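Working notes, beginning with the structure itself.
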Amino acid sequence: MKNCITFGLLVCTLNLIAQEKDYFISGTVKKYTSPHMAYLQYMGFKGSVTDSVAMENGSFSFSGKIDEPRPASIVIRERGKKGTLQDIVQFFIEPGTLIFTSKSIFSNAVITGSPETTDKIKLDKLIKSSGYSANENVSAKTETRIITVPAGQSPPSMPPSGNSRMPGTLVSKRTITDINELPFGMQTAIRAMREEATAKVVQFIIDHPKSFVSIYTIEELRAAKKITYLEYLSLMKGLDPSLVLSNYGKLMAGK
C-alpha cells in the first residue's frame, strides 16, 4: 500500500512538472544606463521563485518554466541603492514571450505578450478610478487647538472667514486610520462608495471568466472579507472550468 501511495504521489508530481512551459522575459529601459540589477519574483506551485540579472545597456532578460499564469514583479535597482515605486512593475508571468519597453520610468513600461497582464492593467485602472480599498483604513488628519480668549469675552462661535480651523495654540495633531473614528455621515459615505467600487470589481470578474486575474481577485476579495462565502462560491462557479481545475484553483478549493 505504501508503495502505491508513493507511486501515486510521484505520478502527480510528474504531471505537474509536465504542465510546465517555457517563458522568456526581455526588457529595455533607456533610463538605466549606469550599472543596475533586475530582480524577478513570483510564487510558483513549488514555492517562491526569485531570480536576478545584471543589466547591460539598459536591458535585461529572464527565462524559465512555469505551470500557469501567476502574479509576479520585477524590481530594477542601482547597485548599492534602494529601489522606489517607480522602479517596480507588477504583472502576470505566463508561458510565452513577454517584452517590457520603457523610455523613462520602469513602472510605466509597456508590456506585450501577456494577455493576463492586459487584464490586470484593465482591473488596476478600474480600481484606481473607483476608489476601491482592500481594507477599512482611512487617512484623515485632525487637530486639537486651545483658543485664547481675552478676559470678559466669549470665544467666537464660528472660525474667521477663510480659515478652515479655529485659530489658537496647537495641542495635538494626528492622522485617523480607523474609519469608525470618523463622523457617522462620513463613515456612511465612504462605505457606500467602497461597496459600489467592490461591485465594479465583482462585475469585472463576471465579465472575465477565463482570466487568471479573476480567480486571484476572488481570493483577494474573500481574504479581505469584501464578499460573503455564498458570493465567493457563486463567483467561483461562474469561472471557466479550466481555472477551477488549475493548480491555483485546486489550492483555493482546499482552503
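Naming scheme: A, B, ... for chains in displayed order of the C-alpha cells; residues 1 onward per chain; ligands 1 onward as shown.
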Practice task
Would you list the contacts of Ser52 in chain A as a list in words, taking every protein, DNA or RNA residue within 7 Å and counting only C-alpha atoms, but skipping same-chain residues closer than 3 positions in sequence?
Solution key: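 Once the adjacent positions are removed, what remains is Met37, Ala38, Tyr39 and Leu40 of chain A.
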Give me the residues near range 113-117 of chain A as number ranges by chain, where near means some atom within 6 Å (using only C-alpha atoms) and where sequence neighbours in that chain fewer than 6 positions away do not count.
A: 91-92, 97-98
Kindly save the residues from that selection, with C-alpha atoms included, as a compact mmCIF listing (two decimals), in the first residue's frame.
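Okay, selection.txt is ready:
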# COMPACT_ATOMS: atom_id res chain seq x y z
CA PHE A 91 2.36 41.79 -13.79
CA PHE A 92 1.32 38.21 -14.57
CA THR A 97 7.50 35.64 -24.56
CA LEU A 98 6.91 38.81 -22.53
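If you measure from each of A:Ser133, A:Ser34, A:Ser102, A:Ser73 to Thr50 in chain A using only C-alpha atoms, the closest one turns out to be A:Ser73.
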For Glu220 in chain A, the closest of A:Val202, A:Ile88, A:Ala109, A:Val49 counting only C-alpha atoms is A:Val202
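If you count only C-alpha atoms and ignore residues fewer than 5 places along the chain from Ile215 in chain A, what sits within 9 Å of it is Ile205, Pro209, Lys210, Glu220, Leu235, Met236, Leu239, Leu243, Val244, Tyr248 and Gly249 of chain A.
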Residue selection dump (C-alpha atoms) as a PDB file, in the first residue's frame:
ATOM      1  CA  ILE A 205     -14.707  39.003 -12.613  1.00  0.00           C
ATOM      2  CA  PRO A 209     -14.489  34.175 -16.565  1.00  0.00           C
ATOM      3  CA  LYS A 210     -11.395  32.776 -18.325  1.00  0.00           C
ATOM      4  CA  GLU A 220      -8.312  38.748  -2.518  1.00  0.00           C
ATOM      5  CA  LEU A 235     -18.141  33.750  -8.370  1.00  0.00           C
ATOM      6  CA  MET A 236     -16.090  30.539  -8.393  1.00  0.00           C
ATOM      7  CA  LEU A 239     -15.413  30.813 -13.751  1.00  0.00           C
ATOM      8  CA  LEU A 243      -9.441  27.947 -13.971  1.00  0.00           C
ATOM      9  CA  VAL A 244     -11.164  25.923 -11.267  1.00  0.00           C
ATOM     10  CA  TYR A 248      -4.181  27.644  -8.077  1.00  0.00           C
ATOM     11  CA  GLY A 249      -7.878  26.785  -8.359  1.00  0.00           C
TER      12      GLY A 249
END
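Secondary structure of range 43-73 of chain A, strand (DSSP E) only (DSSP, backbone atoms): Met43, Gly44, Gly47, Ser48, Val49, Thr50, Asp51, Ser52, Val53, Ala54, Ser59, Phe60, Ser61, Phe62, Ser63, Gly64, Lys65, Ile66, Arg70, Pro71, Ala72 and Ser73 of chain A.
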